[in-house]
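I have placed the structure first, in the form of structure tokens, so that the comments after it can refer back to it.
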Amino acid sequence: MDDMRLAEKAVNAAETKIAARNVQVYYGDSHAIKDVDIDIADRTVTAFIGPSGCGKSTFLRCLNRMNDTIPICRVEGDILLDGEDIYDKRVDPVQLRARIGMVFQKPNPFPKSIYENVAYGPKIHGLARNKAELDGIVESSLRKAALWNEAKDRLSEPGTGLSGGQQQRLCIARAIATSPEVLLMDEPCSALDPIATAQVEELIDELRGQFSVVIVTHSMQQAARVSQRTAFFHLGNLVEFGETGQIFTNPRDPRTESYITGRIG
Amino acid sequence: MESQHILQAFDRDLEGIQAMVMRMGGMVEAAILEAGQALEARDDDLAEKVRAGDKAIDALEEKIAEEASRLIALRAPTASDLRIVLSVMKIAASLERVGDYAKNMAKRANVLGQMPVIPGAGGSLRRMSKTVVQMLSDALDAYNTRDAALAEDVRNRDRDVDQMYNALFREFLTHMMEDPRNITACMHLHFIAKNIERMGDHATTIAEQVMYLVTGVRPEENRPKAETVTVIGVEGK
């Protein structure tokens, strides 16, 4: 109990990294996200939960403008990263995604070597001046992703030759190689076995010391295990957002209660 | 009850542990009433029955703890489900203690049967235990109907039990001062009174669990209390 209170205090003290105000998302005529206001704290894991189709992934994808790639998708409202509007015309989405990295449901390493997978981002963003620096970034990223010991002797082998859990950690290493400020994860463990899941969760908890992590998950137990803040989405609305311990012991909204206890809502 | 779980086995498990607690409550209430009756009527057989019956209460508490831990492991309950499991475990633990007190009361009833009668004591203790049984039964009713107001009422009634205990304490003190031959009997009677007073505290704890279950918040520690004998000095004042 004390620990939970401490975690909550730490989170309350953390500054807001991303602030969303009145966010609406439309896919053509359908209104997928309605009036979402949320403050994502820095150095905190925030979990988005909710039934399929509730808009949690859509909203996550707004946070680094992944929805720009969908022609019929329209985003309204303000999303501010450190107080700056990420949908401003002057913002280059590619640069933005170097600051707000993303990991997807299925591990999707490039069909290249393990080294190239991690080195790709820093290279295209010009983050390394020479080979030695690039080597350093690759090593530290793989270390942070808890993959270094398994991968250090096979850096030139294809990333696709790794196991599923290792591939996902490779994708995380790739995402953190550009030193992002926020890491978005869309169901990062759904294709992994329990051991690999635990390793990724441990990794998420470590990454929290350096930046803000936002994770979409269908596993409520996972949300409970890794996050300090939980947001419950339902039918495009943000129903409840609060400290994870509170959401799982004493949710305020009956819809949250029905969902997390597995009742017919 | 709230709407049902998609997984119906979850509902069956939750209902199962709650039904066990209710059965345990019934057994404990009967034990207190019978112990009180045995005391007043000097009925050794009834006292013996209460003593023997405590084993079944203890066994049921173990069964509840086992089922509750299974439920936590297998169903990972959250929110109100979690509160049900937690409150069931706490209530079962309280009931088990109350059962022990009833058993102890029955034991002393056997001993007291061999001693001079302290006039009025048996009747007073039986009335006190009836009050506590009513609190217990209301607390368990409040659990069943998720009635936080009734639980709050039970919690406030603990003051009456405290006052009965204070009065008895003074009464026994008087008897002991009047005639030292009463001391042994009065000491036993005093322990019985103290144990009944403790039963009232457990009924209060159960009522507080009901309030927690219904509201999700534990009530604050500002309920009315009237137990004053802990500060009585040598002069009996």
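Letters A, B, ... go to the chains of the structure tokens in the order shown; residues in each chain start at 1; ligands are counted from 1 in the same order.
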Worksheet entry | Members of range 9-165 of chain A assigned alpha helix (DSSP H) by DSSP, as a ChimeraX atom specification | /A:9-13,56-62,93-99,114-124,131-144,148-151,164-165
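Residues within 10 Å of Cys171 in chain A, counting only C-alpha atoms and excluding same-chain residues fewer than 6 positions away, are Met102, Val103, Phe104, Lys106, Pro107, Asn108, Pro109, Phe110, Ile114, Asn117, Val118, Leu142, Ala145, Gly159, Gly165, Ala177 and Pro188 of chain A.
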Which polymer residues have any atom within 10 Å of an atom of Gly28 in chain A, counting only C-alpha atoms, with same-chain residues fewer than 4 positions away left out, as a compact mmCIF listing (two decimals) with N, CA and C atoms, in the first residue's frame?
# COMPACT_ATOMS: atom_id res chain seq x y z
N ALA A 32 -14.39 8.41 -34.35
CA ALA A 32 -13.71 7.33 -33.63
C ALA A 32 -13.23 7.75 -32.25
N PRO A 71 -5.46 8.08 -45.36
CA PRO A 71 -6.03 9.25 -46.05
C PRO A 71 -7.36 9.72 -45.48
N ILE A 72 -8.25 8.79 -45.08
CA ILE A 72 -9.58 9.22 -44.65
C ILE A 72 -9.60 9.66 -43.19
N CYS A 73 -8.44 9.58 -42.51
CA CYS A 73 -8.42 9.89 -41.09
C CYS A 73 -8.19 11.39 -40.88
N ARG A 74 -9.01 11.98 -39.99
CA ARG A 74 -8.91 13.41 -39.71
C ARG A 74 -8.79 13.60 -38.20
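Residue nearest Lys90 in chain B, chosen from B:Ile64, B:Met199, B:Ala102, B:Val117 and counting only C-alpha atoms: B:Ile64.
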Discussion item. Would you mind listing, as a list in words, all residues of chain B that have at least one atom within 6 Å of chain A, where only C-alpha atoms are what counts?
Written reply: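 Result: Gln4, His5, Ile6, Thr78, Ala79 and Gly216 of chain B.
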Fill in: Coordinates-based distance that separates CA of Glu152 in chain B from CA of Arg218 in chain B (Å, one decimal)
11.6 Å
